[in-house]
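Asks: Next up, query.cif (mmCIF, C-alpha atoms and all ligand atoms).
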```cif
data_target
loop_
_atom_site.label_atom_id
_atom_site.label_comp_id
_atom_site.auth_asym_id
_atom_site.auth_seq_id
_atom_site.Cartn_x
_atom_site.Cartn_y
_atom_site.Cartn_z
CA MET C 1 26.84 -5.20 -4.71
CA THR C 2 23.13 -5.49 -4.05
CA ASP C 3 21.38 -2.25 -3.12
CA VAL C 4 18.98 -2.94 -0.24
CA ILE C 5 16.26 -0.26 -0.20
CA ASP C 6 15.76 1.21 3.27
CA GLY C 7 11.98 1.62 3.37
CA ASN C 8 12.09 3.12 6.87
CA ALA C 9 14.49 5.90 5.87
CA LEU C 10 12.51 6.70 2.74
CA ALA C 11 9.24 6.68 4.69
CA ASP C 12 10.78 9.11 7.19
CA GLN C 13 11.45 11.51 4.31
CA VAL C 14 7.78 11.32 3.33
CA PHE C 15 6.70 11.78 6.97
CA ASP C 16 8.94 14.88 7.20
CA GLY C 17 7.21 16.32 4.13
CA VAL C 18 3.84 15.58 5.72
CA SER C 19 4.88 17.31 8.98
CA ASP C 20 5.95 20.39 7.03
CA ALA C 21 2.62 20.40 5.19
CA VAL C 22 0.79 20.09 8.52
CA ASP C 23 2.62 23.24 9.73
CA GLU C 24 1.45 25.08 6.63
CA PHE C 25 -2.15 23.98 7.22
CA GLU C 26 -1.95 24.94 10.91
CA ALA C 27 -0.87 28.44 9.89
CA GLU C 28 -4.19 28.64 8.01
CA GLY C 29 -6.16 27.29 11.00
CA VAL C 30 -6.59 23.77 9.58
CA THR C 31 -5.47 20.49 11.15
CA PRO C 32 -5.46 17.60 8.65
CA GLY C 33 -7.44 14.65 10.03
CA LEU C 34 -7.39 10.94 9.26
CA ALA C 35 -10.05 8.56 10.55
CA THR C 36 -9.28 4.87 10.85
CA VAL C 37 -12.20 2.50 11.26
CA ILE C 38 -11.83 -1.06 12.43
CA MET C 39 -14.59 -3.64 12.72
CA GLY C 40 -13.89 -6.77 14.74
CA GLU C 41 -10.85 -8.06 16.54
CA ASP C 42 -8.45 -9.26 13.85
CA PRO C 43 -5.04 -8.97 15.59
CA ALA C 44 -3.04 -8.06 12.47
CA SER C 45 -5.59 -5.34 11.60
CA GLN C 46 -5.40 -3.98 15.16
CA THR C 47 -1.61 -3.76 14.83
CA TYR C 48 -1.81 -1.98 11.46
CA VAL C 49 -4.38 0.53 12.69
CA ASN C 50 -2.40 1.24 15.86
CA MET C 51 0.68 1.93 13.75
CA LYS C 52 -1.30 4.27 11.48
CA GLN C 53 -2.61 6.19 14.48
CA ARG C 54 0.93 6.47 15.88
CA ASP C 55 2.06 7.84 12.51
CA CYS C 56 -0.68 10.50 12.72
CA GLU C 57 0.54 11.55 16.16
CA LYS C 58 4.14 11.73 14.96
CA ALA C 59 3.28 13.87 11.94
CA GLY C 60 0.81 16.17 13.72
CA VAL C 61 -2.22 14.80 11.88
CA ASN C 62 -5.45 14.59 13.89
CA GLY C 63 -5.97 10.82 14.21
CA VAL C 64 -9.56 9.79 14.82
CA HIS C 65 -10.03 6.13 15.63
CA VAL C 66 -13.42 4.41 15.54
CA GLU C 67 -14.00 0.81 16.62
CA VAL C 68 -17.13 -0.95 15.43
CA ASP C 69 -18.17 -4.15 17.17
CA GLY C 70 -17.51 -7.24 15.04
CA ASP C 71 -21.13 -8.34 15.59
CA ALA C 72 -22.62 -5.00 14.53
CA SER C 73 -24.57 -4.84 11.30
CA GLN C 74 -23.31 -3.59 7.96
CA ASP C 75 -25.70 -0.64 8.35
CA ASP C 76 -23.98 0.31 11.61
CA LEU C 77 -20.66 0.43 9.79
CA LEU C 78 -22.18 2.41 6.92
CA ASP C 79 -23.62 4.89 9.47
CA THR C 80 -20.13 5.29 10.95
CA VAL C 81 -18.72 6.04 7.50
CA ALA C 82 -21.54 8.50 6.79
CA ASP C 83 -20.79 10.36 10.07
CA LEU C 84 -17.12 10.61 9.14
CA ASN C 85 -18.00 11.82 5.63
CA ASP C 86 -19.89 14.70 7.31
CA ARG C 87 -17.17 15.71 9.76
CA ASP C 88 -15.13 18.81 8.86
CA ASP C 89 -12.20 17.71 11.06
CA VAL C 90 -11.81 14.43 9.11
CA HIS C 91 -10.22 14.76 5.67
CA GLY C 92 -9.21 11.16 5.06
CA ILE C 93 -11.05 7.94 5.91
CA LEU C 94 -9.64 4.44 5.96
CA VAL C 95 -11.69 1.34 6.73
CA GLN C 96 -9.30 -1.43 7.68
CA THR C 97 -9.83 -4.73 5.86
CA PRO C 98 -10.56 -7.60 6.09
CA LEU C 99 -14.11 -6.92 7.30
CA PRO C 100 -16.27 -9.59 8.95
CA ASP C 101 -17.90 -12.05 6.53
CA HIS C 102 -21.39 -10.57 6.89
CA VAL C 103 -20.19 -7.20 5.57
CA ASP C 104 -19.87 -6.46 1.85
CA GLU C 105 -16.46 -4.80 1.58
CA ARG C 106 -17.29 -3.21 -1.79
CA GLU C 107 -20.42 -1.52 -0.42
CA VAL C 108 -18.41 -0.03 2.41
CA MET C 109 -15.69 1.29 0.10
CA ASN C 110 -18.39 2.77 -2.15
CA ALA C 111 -19.86 4.63 0.84
CA ILE C 112 -16.69 6.61 1.55
CA ASP C 113 -16.82 10.13 0.13
CA PRO C 114 -14.41 9.84 -2.86
CA ILE C 115 -12.67 13.06 -1.85
CA LYS C 116 -11.90 11.56 1.59
CA ASP C 117 -10.85 8.18 0.19
CA ALA C 118 -7.32 8.03 1.61
CA ASP C 119 -6.84 4.44 0.41
CA GLY C 120 -7.90 5.23 -3.14
CA PHE C 121 -10.24 2.21 -3.37
CA HIS C 122 -13.50 4.01 -4.24
CA PRO C 123 -14.54 3.17 -7.84
CA GLU C 124 -14.35 6.84 -8.81
CA ASN C 125 -10.72 6.96 -7.72
CA VAL C 126 -9.94 3.59 -9.31
CA GLY C 127 -11.39 4.92 -12.57
CA ARG C 128 -9.31 8.06 -12.36
CA LEU C 129 -6.18 5.99 -11.77
CA VAL C 130 -6.86 3.79 -14.80
CA ALA C 131 -7.53 6.88 -16.92
CA GLY C 132 -4.15 8.31 -15.92
CA GLU C 133 -5.73 11.06 -13.81
CA ALA C 134 -5.08 9.65 -10.34
CA ARG C 135 -6.48 11.66 -7.43
CA PHE C 136 -5.30 9.30 -4.67
CA LYS C 137 -2.81 6.65 -5.69
CA PRO C 138 -3.40 3.55 -3.52
CA CYS C 139 -0.79 3.54 -0.78
CA THR C 140 1.12 0.31 -1.40
CA PRO C 141 1.52 0.74 -5.19
CA HIS C 142 2.44 4.39 -4.70
CA GLY C 143 5.01 3.35 -2.09
CA VAL C 144 6.50 0.83 -4.52
CA GLN C 145 6.68 3.47 -7.25
CA ARG C 146 8.50 5.82 -4.87
CA MET C 147 10.93 3.08 -3.87
CA LEU C 148 11.81 2.37 -7.49
CA ALA C 149 12.41 6.05 -8.14
CA HIS C 150 14.51 6.35 -4.99
CA ALA C 151 16.68 3.41 -6.11
CA ASP C 152 17.15 5.15 -9.49
CA VAL C 153 15.25 2.42 -11.30
CA ASP C 154 13.90 4.00 -14.47
CA THR C 155 10.92 1.88 -15.44
CA GLU C 156 10.66 3.26 -18.99
CA GLY C 157 10.79 0.37 -21.46
CA LYS C 158 11.48 -2.14 -18.68
CA ASP C 159 9.74 -5.49 -18.37
CA VAL C 160 7.98 -5.58 -15.01
CA VAL C 161 6.39 -8.74 -13.66
CA ILE C 162 3.93 -8.36 -10.80
CA VAL C 163 3.05 -11.57 -8.98
CA GLY C 164 -0.48 -10.97 -7.68
CA ARG C 165 -3.55 -9.27 -9.15
CA SER C 166 -5.42 -7.98 -6.09
CA ASN C 167 -7.40 -4.75 -6.20
CA ILE C 168 -5.19 -3.21 -3.54
CA VAL C 169 -1.72 -4.12 -4.86
CA GLY C 170 -1.28 -5.93 -8.18
CA LYS C 171 -3.91 -4.23 -10.35
CA PRO C 172 -3.32 -0.62 -9.28
CA LEU C 173 0.46 -1.08 -9.41
CA ALA C 174 0.20 -2.43 -12.96
CA ASN C 175 -1.85 0.62 -13.89
CA LEU C 176 0.63 3.03 -12.35
CA LEU C 177 3.70 1.48 -13.92
CA MET C 178 2.18 1.22 -17.42
CA GLN C 179 1.02 4.86 -17.48
CA LYS C 180 2.50 7.19 -20.05
CA ALA C 181 4.42 9.08 -17.38
CA ASP C 182 8.00 9.60 -16.22
CA ASP C 183 7.47 7.17 -13.36
CA GLY C 184 5.69 4.64 -15.61
CA ASN C 185 6.21 3.62 -19.24
CA ALA C 186 6.95 0.02 -18.28
CA THR C 187 5.73 -3.09 -20.05
CA VAL C 188 3.82 -4.86 -17.31
CA THR C 189 2.87 -8.51 -16.96
CA VAL C 190 0.49 -9.36 -14.12
CA CYS C 191 0.68 -12.96 -12.88
CA HIS C 192 -1.70 -14.86 -10.61
CA SER C 193 -2.56 -18.34 -9.43
CA ARG C 194 -3.62 -19.48 -12.93
CA THR C 195 -0.48 -18.19 -14.65
CA THR C 196 1.42 -20.92 -16.46
CA ASP C 197 5.21 -21.11 -16.18
CA LEU C 198 5.59 -18.24 -13.74
CA GLU C 199 9.31 -18.84 -13.51
CA ALA C 200 9.84 -18.16 -17.23
CA LYS C 201 8.08 -14.83 -16.77
CA THR C 202 9.94 -13.72 -13.64
CA LYS C 203 13.25 -14.83 -15.17
CA ALA C 204 12.65 -12.62 -18.21
CA ALA C 205 11.77 -9.58 -16.09
CA ASP C 206 13.90 -6.53 -15.31
CA VAL C 207 11.74 -5.81 -12.26
CA VAL C 208 9.83 -8.37 -10.19
CA VAL C 209 7.25 -7.28 -7.63
CA ALA C 210 6.07 -10.07 -5.34
CA ALA C 211 2.56 -9.63 -3.91
CA ALA C 212 1.12 -13.13 -3.68
CA GLY C 213 0.84 -13.56 0.08
CA LEU C 214 3.03 -16.67 -0.01
CA PRO C 215 6.03 -16.77 2.34
CA GLU C 216 9.42 -16.72 0.56
CA PHE C 217 7.76 -17.81 -2.67
CA VAL C 218 10.03 -15.98 -5.12
CA THR C 219 13.49 -17.50 -4.97
CA GLY C 220 16.80 -16.54 -6.52
CA ASP C 221 16.54 -19.19 -9.23
CA MET C 222 13.36 -17.48 -10.51
CA LEU C 223 15.27 -14.25 -11.20
CA SER C 224 17.63 -12.97 -13.84
CA GLU C 225 21.05 -11.67 -12.88
CA GLY C 226 20.74 -7.99 -11.88
CA ALA C 227 16.94 -7.98 -11.49
CA VAL C 228 15.22 -5.39 -9.32
CA VAL C 229 13.08 -7.11 -6.67
CA ILE C 230 10.37 -5.45 -4.62
CA ASP C 231 8.79 -7.56 -1.89
CA VAL C 232 5.28 -6.48 -0.91
CA GLY C 233 4.43 -9.61 1.07
CA ILE C 234 3.91 -9.62 4.82
CA ASN C 235 3.45 -13.14 6.16
CA ARG C 236 3.39 -14.29 9.77
CA VAL C 237 5.22 -17.59 10.08
CA ASP C 238 5.66 -19.63 13.26
CA ALA C 239 9.00 -18.94 14.89
CA ASP C 240 10.75 -19.35 18.20
CA THR C 241 10.31 -15.69 19.17
CA GLU C 242 8.55 -13.97 22.07
CA LYS C 243 5.43 -13.49 19.93
CA GLY C 244 5.63 -17.02 18.52
CA TYR C 245 5.93 -15.78 14.96
CA GLU C 246 8.10 -13.69 12.68
CA LEU C 247 7.33 -11.63 9.59
CA VAL C 248 8.68 -12.74 6.25
CA GLY C 249 8.04 -11.45 2.76
CA ASP C 250 7.00 -13.18 -0.44
CA VAL C 251 10.65 -13.25 -1.52
CA ASP C 252 13.35 -15.56 -0.23
CA PHE C 253 15.67 -12.69 0.64
CA GLU C 254 18.83 -14.76 0.94
CA SER C 255 18.78 -16.45 -2.47
CA ALA C 256 17.15 -13.47 -4.22
CA SER C 257 19.75 -10.99 -3.01
CA GLU C 258 22.47 -13.12 -4.61
CA LYS C 259 20.92 -12.33 -8.00
CA ALA C 260 19.29 -8.93 -7.50
CA SER C 261 20.90 -5.56 -8.16
CA VAL C 262 18.26 -3.87 -6.00
CA ILE C 263 15.99 -5.51 -3.42
CA SER C 264 13.57 -4.41 -0.73
CA PRO C 265 13.59 -6.22 2.62
CA VAL C 266 10.74 -7.39 4.88
CA PRO C 267 10.32 -5.92 7.38
CA GLY C 268 11.58 -2.40 6.66
CA GLY C 269 10.63 -2.18 2.99
CA VAL C 270 7.21 -1.62 1.44
CA GLY C 271 5.39 -1.72 4.82
CA PRO C 272 6.59 1.65 6.18
CA MET C 273 6.22 3.22 2.73
CA THR C 274 2.57 2.14 2.59
CA ARG C 275 1.91 3.90 5.90
CA ALA C 276 3.77 7.01 4.77
CA MET C 277 1.74 7.24 1.55
CA LEU C 278 -1.46 7.05 3.59
CA LEU C 279 -0.52 10.28 5.34
CA TYR C 280 0.54 11.72 1.99
CA ASN C 281 -2.98 11.02 0.70
CA THR C 282 -4.46 12.57 3.83
CA ILE C 283 -2.56 15.77 3.11
CA LYS C 284 -3.70 15.65 -0.50
CA ALA C 285 -7.31 15.17 0.64
CA THR C 286 -6.99 18.10 3.05
CA ARG C 287 -5.72 20.31 0.23
CA LEU C 288 -8.65 19.33 -1.98
CA GLN C 289 -11.22 19.95 0.75
CA THR C 290 -9.85 23.20 2.19
CA GLY C 291 -8.25 24.83 -0.82
CA VAL C 292 -5.12 25.46 1.29
CA ASP C 293 -2.22 24.86 -1.08
CA ALA C 294 0.26 23.24 1.35
CA THR C 295 3.48 21.94 -0.21
CA LEU C 296 3.58 18.24 -0.89
P1 LIG C 301 -4.40 -11.29 -2.14
O1 LIG C 301 -4.50 -12.55 -1.38
O2 LIG C 301 -5.60 -10.42 -2.30
O3 LIG C 301 -3.84 -11.59 -3.59
C1 LIG C 301 -2.81 -12.50 -3.79
C2 LIG C 301 -2.57 -12.62 -5.27
O4 LIG C 301 -1.51 -13.55 -5.46
C3 LIG C 301 -3.77 -13.13 -6.05
O5 LIG C 301 -3.92 -12.41 -7.24
C4 LIG C 301 -3.42 -14.59 -6.34
O6 LIG C 301 -3.95 -15.08 -7.54
C5 LIG C 301 -1.91 -14.50 -6.44
N1 LIG C 301 -1.31 -15.81 -6.21
C6 LIG C 301 -1.60 -16.70 -5.24
N2 LIG C 301 -0.87 -17.81 -5.39
C7 LIG C 301 -0.11 -17.62 -6.49
C8 LIG C 301 0.83 -18.43 -7.16
N3 LIG C 301 1.15 -19.66 -6.74
N4 LIG C 301 1.43 -17.93 -8.26
C9 LIG C 301 1.12 -16.69 -8.70
N5 LIG C 301 0.22 -15.89 -8.10
C10 LIG C 301 -0.38 -16.35 -7.00
O7 LIG C 301 -3.22 -10.50 -1.46
P2 LIG C 301 -2.88 -8.92 -1.36
O8 LIG C 301 -2.63 -8.36 -2.70
O9 LIG C 301 -3.83 -8.27 -0.46
O10 LIG C 301 -1.49 -9.02 -0.57
C11 LIG C 301 -0.39 -9.72 -1.09
C12 LIG C 301 0.69 -9.74 -0.03
O11 LIG C 301 1.10 -8.42 0.23
C13 LIG C 301 0.26 -10.32 1.31
O12 LIG C 301 1.37 -10.95 1.91
C14 LIG C 301 -0.11 -9.09 2.11
O13 LIG C 301 0.02 -9.29 3.50
C15 LIG C 301 0.91 -8.12 1.62
N6 LIG C 301 0.52 -6.72 1.71
C16 LIG C 301 1.46 -5.88 2.18
C17 LIG C 301 1.22 -4.54 2.25
C18 LIG C 301 2.29 -3.65 2.73
O14 LIG C 301 2.02 -2.57 3.19
N7 LIG C 301 3.55 -4.07 2.63
C19 LIG C 301 -0.08 -3.97 1.89
C20 LIG C 301 -0.99 -4.94 1.31
C21 LIG C 301 -0.69 -6.27 1.25
P3 LIG C 301 -5.54 -15.24 -7.80
O15 LIG C 301 -6.02 -13.84 -8.09
O16 LIG C 301 -5.62 -16.13 -8.96
O17 LIG C 301 -6.11 -15.80 -6.54
#
```
Can you give me the file's structure in the form of C-alpha cells?
Ligand code: NDP
Replies:
Amino acid sequence: MTDVIDGNALADQVFDGVSDAVDEFEAEGVTPGLATVIMGEDPASQTYVNMKQRDCEKAGVNGVHVEVDGDASQDDLLDTVADLNDRDDVHGILVQTPLPDHVDEREVMNAIDPIKDADGFHPENVGRLVAGEARFKPCTPHGVQRMLAHADVDTEGKDVVIVGRSNIVGKPLANLLMQKADDGNATVTVCHSRTTDLEAKTKAADVVVAAAGLPEFVTGDMLSEGAVVIDVGINRVDADTEKGYELVGDVDFESASEKASVISPVPGGVGPMTRAMLLYNTIKATRLQTGVDATL
C-alpha cells in the first residue's frame, strides 16, 4: 500500500500551532505581522500572495499587503522594503518572486532585515543554514522535511536524490537533509540539467525529491521499489477546465505511486506545507523581535 501524504491536513496542524502562538502573543499585547510585497501583475504570483494573505487572516496574523507597480524602479521597491523593515507591526517580510527583469532579485533579498526574513533567503540566513545554525529554514525545504518526518521516514543514512538545485528549493533542502541532526543525516545527491544518467541516480535512491519545474518528469520507471517520493513541482498545463489549465507536479503520480511506498500529491502536498511554514517563520520572527516566548 502506498502512503499518500496529506499536505493539507499536515499544514492545518501547523496553522493550528500558529493560531495558538498568536493567542499567546495577543495576551502580551503583540499581534504577529507578515508583509507580502508583489511587484507587477504575474497571475501565478498574485494567486500565491492572495493565498498567503488568506492564511494570515485564518491564523490571526496581521497581513499587510503592498503592491508595487511593475513599471516602478528598483529603488521604489527597495524603499518599500526599507519602510517595512522599520515598521513595528511587521515581523516578517516576503517579496514575491519572480520580480520584473529590470530589478535585481538578489539586491532586494539583501535589503530585507535578516531578522524579518520570513523566506530565509537573505545571505545571513543562508549562511546560518549551511553552518547548521538555521534561524529561518526556507519554507519549501522545511515543509518537505516536516512531511518526511510525518510519514515516519527516517532520513539517517538514507540516499536522497534531489532533482533541482535552485536557491529556494534544491540547495537549501540538500543542506537541511545532510545536517548532523535527527531530521537530517542523509547522504544527499543534488541533480540538475547537466547531470548525466539521472535515472541511474534516482533508481538508486531511497528518497527522491522532484523540484525541476518539468511536468510529470519523474516517472515510475526511474524509481526503485519502495522509494519515498516528494513532489515539489507546480506546473500549469493546458487542460479542458474552466480556467483552461490544471496543476500537475514534477512527478507522474500514476506510474510513480505503483513503485513508491510514500508519495506526496500535487495539488495538496508540498504547496500547503510551504504556506504553513511561512507563518511558522513569521511566528519565529515575532519571538525574536519581541522576546515573547510563544510556544512553537
Ligand atoms: P528552478 O527553475 O529555479 O530550478 C529548476 C532546477 O531543475 C534547476 O536546478 C535545473 O537545473 C533543474 N533541471 C531542469 N531540467 C532538468 C533536467 N532535465 N534534469 C535534471 N534537472 C533539471 O525551479 P524552482 O526550484 O524554483 O522550482 C522547481 C519546481 O518547484 C517548479 O515547478 C516550481 O513551481 C515548484 N515550486 C513549488 C513550491 C511549492 O510550494 N510547492 C515552491 C517553490 C517552487 P539547472 O540548475 O542546471 O538549470
Asks: Ranking C:Asp23, C:Glu216, C:Glu199, C:Asp88 by minimum distance to Thr295 of chain C and counting all atoms listed in the file, which one comes first?
Replies: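 For Thr295 of chain C, the nearest of the candidates is C:Asp23.
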Asks: Can you tell me which residues surround Glu246 of chain C at a distance of at most 6 Å, considering only C-alpha atoms, apart from same-chain residues fewer than 3 positions away, and format the answer as a VMD selection string?
Replies: chain C and resid 236 to 237 239
Asks: Write out as a list of chain:residue names the residues lying within 8 Å of Arg275 of chain C, counting only C-alpha atoms and excluding same-chain residues fewer than 4 positions away.
Replies: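 In the requested format, the answer is C:Ala11, C:Lys52, C:Asp55, C:Cys139, C:Gly271, C:Leu279.
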Asks: I'd like to know which of C:Lys180, C:Asn175, C:Ser166, C:His150 is closest to Ala9 of chain C, using all atoms listed in the file.
Replies: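 Nearest candidate to Ala9 of chain C out of C:Lys180, C:Asn175, C:Ser166, C:His150: C:His150.
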Asks: Using all atoms listed in the file, find each residue in chain C having at least one atom no more than 6 Å away from ligand LIG 301 (chain C); report its shortest atom-to-atom pair and that distance in Å (one decimal), rows by chain then rising number, as a tab-separated table.
Replies:
```
residue	atom	partner	partner_atom	distance
C:Thr140	CA	C:LIG301	O14	5.5
C:Val163	CA	C:LIG301	N5	5.2
C:Gly164	CA	C:LIG301	O4	3.6
C:Arg165	CA	C:LIG301	O5	3.7
C:Ser166	CA	C:LIG301	O8	4.4
C:Ile168	CA	C:LIG301	O8	5.8
C:Val169	CA	C:LIG301	O8	4.8
C:Cys191	CA	C:LIG301	C9	5.6
C:His192	CA	C:LIG301	N5	3.3
C:Ser193	CA	C:LIG301	O16	3.8
C:Arg194	CA	C:LIG301	O16	5.6
C:Ala211	CA	C:LIG301	C11	4.1
C:Ala212	CA	C:LIG301	O4	3.2
C:Gly213	CA	C:LIG301	O12	3.2
C:Val232	CA	C:LIG301	N7	4.6
C:Gly233	CA	C:LIG301	O12	3.4
C:Ile234	CA	C:LIG301	O12	4.1
C:Asn235	CA	C:LIG301	O12	5.2
C:Val270	CA	C:LIG301	N7	4.6
C:Gly271	CA	C:LIG301	N7	3.7
C:Thr274	CA	C:LIG301	O14	4.8
```
Asks: Using only C-alpha atoms, pick whichever of C:Pro32, C:Gly143, C:Gly269, C:Gly60 has the shortest atom-to-atom distance to Gln289 of chain C.
Replies: C:Pro32
Asks: With all atoms listed in the file as the atoms that count, which of C:Ser255, C:Thr97, C:Gln145, C:Ser261 lies nearest to Met277 of chain C?
Replies: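 Residue with the minimum atom-to-atom distance to Met277 of chain C: C:Gln145.
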Asks: Leaving out Pro123 of chain C and any residue of its chain fewer than 2 positions from it, which residues lie within 12 Å of it when counting all atoms listed in the file, given as an MDAnalysis selection string?
Replies: chainID C and resid 106:115 117 119:121 125:130 134:136 138 167 172
Asks: Please save C-alpha atoms of the selected residues as a short mmCIF file (atom, residue, chain, number, x, y, z; two decimals), keeping the file's coordinate frame.
Replies:
```cif
data_model
loop_
_atom_site.label_atom_id
_atom_site.label_comp_id
_atom_site.auth_asym_id
_atom_site.auth_seq_id
_atom_site.Cartn_x
_atom_site.Cartn_y
_atom_site.Cartn_z
CA ARG C 106 -17.29 -3.21 -1.79
CA GLU C 107 -20.42 -1.52 -0.42
CA VAL C 108 -18.41 -0.03 2.41
CA MET C 109 -15.69 1.29 0.10
CA ASN C 110 -18.39 2.77 -2.15
CA ALA C 111 -19.86 4.63 0.84
CA ILE C 112 -16.69 6.61 1.55
CA ASP C 113 -16.82 10.13 0.13
CA PRO C 114 -14.41 9.84 -2.86
CA ILE C 115 -12.67 13.06 -1.85
CA ASP C 117 -10.85 8.18 0.19
CA ASP C 119 -6.84 4.44 0.41
CA GLY C 120 -7.90 5.23 -3.14
CA PHE C 121 -10.24 2.21 -3.37
CA ASN C 125 -10.72 6.96 -7.72
CA VAL C 126 -9.94 3.59 -9.31
CA GLY C 127 -11.39 4.92 -12.57
CA ARG C 128 -9.31 8.06 -12.36
CA LEU C 129 -6.18 5.99 -11.77
CA VAL C 130 -6.86 3.79 -14.80
CA ALA C 134 -5.08 9.65 -10.34
CA ARG C 135 -6.48 11.66 -7.43
CA PHE C 136 -5.30 9.30 -4.67
CA PRO C 138 -3.40 3.55 -3.52
CA ASN C 167 -7.40 -4.75 -6.20
CA PRO C 172 -3.32 -0.62 -9.28
#
```
Asks: Go through C:Pro265, C:Ala181, C:Gln13, C:Met273 one by one, measure the shortest atom-to-atom distance of each to Pro141 of chain C using all atoms listed in the file, and give the residue with the smallest value.
Replies: C:Met273
Asks: Please return as a VMD selection string every residue within 12 Å of (16.9, 6.4, -7.2), taking into account only C-alpha atoms and the file's own coordinates.
Replies: chain C and resid 3 to 6 10 145 to 155 183 262
Asks: I'd like to know which of C:Leu94, C:Ala35, C:Ala256, C:Ala294 is closest to Glu225 of chain C, using all atoms listed in the file.
Replies: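 Closest candidate: C:Ala256.
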Asks: What gap, in Å, lies between atom CA of Phe217 of chain C and atom CA of Glu41 of chain C?
Replies: 28.5 Å
Asks: In Å, with one decimal, what is the gap from atom CA of Asp16 of chain C to atom CA of Leu84 of chain C?
Replies: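 One can read the atom CA of Asp16 of chain C to atom CA of Leu84 of chain C distance as 26.5 Å.
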Asks: Using only C-alpha atoms, which protein or nucleic acid residues come within 9 Å of Gly220 of chain C? Drop anything in the same chain fewer than 4 positions from it, and give the result as an MDAnalysis selection string.
Replies: chainID C and resid 224 251:260
Asks: Quick check, in Å to one decimal: how far apart do atom CA of Asp159 of chain C and atom CA of Leu214 of chain C lie?
Replies: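 Straight-line distance from atom CA of Asp159 of chain C to atom CA of Leu214 of chain C works out to 22.5 Å.
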Asks: Taking (10.9, -19.3, -10.2) in the file's own coordinates, collect the residues within 7 Å, counting only C-alpha atoms, and hand them back as an MDAnalysis selection string.
Replies: chainID C and resid 198:199 202 218:219 221:223
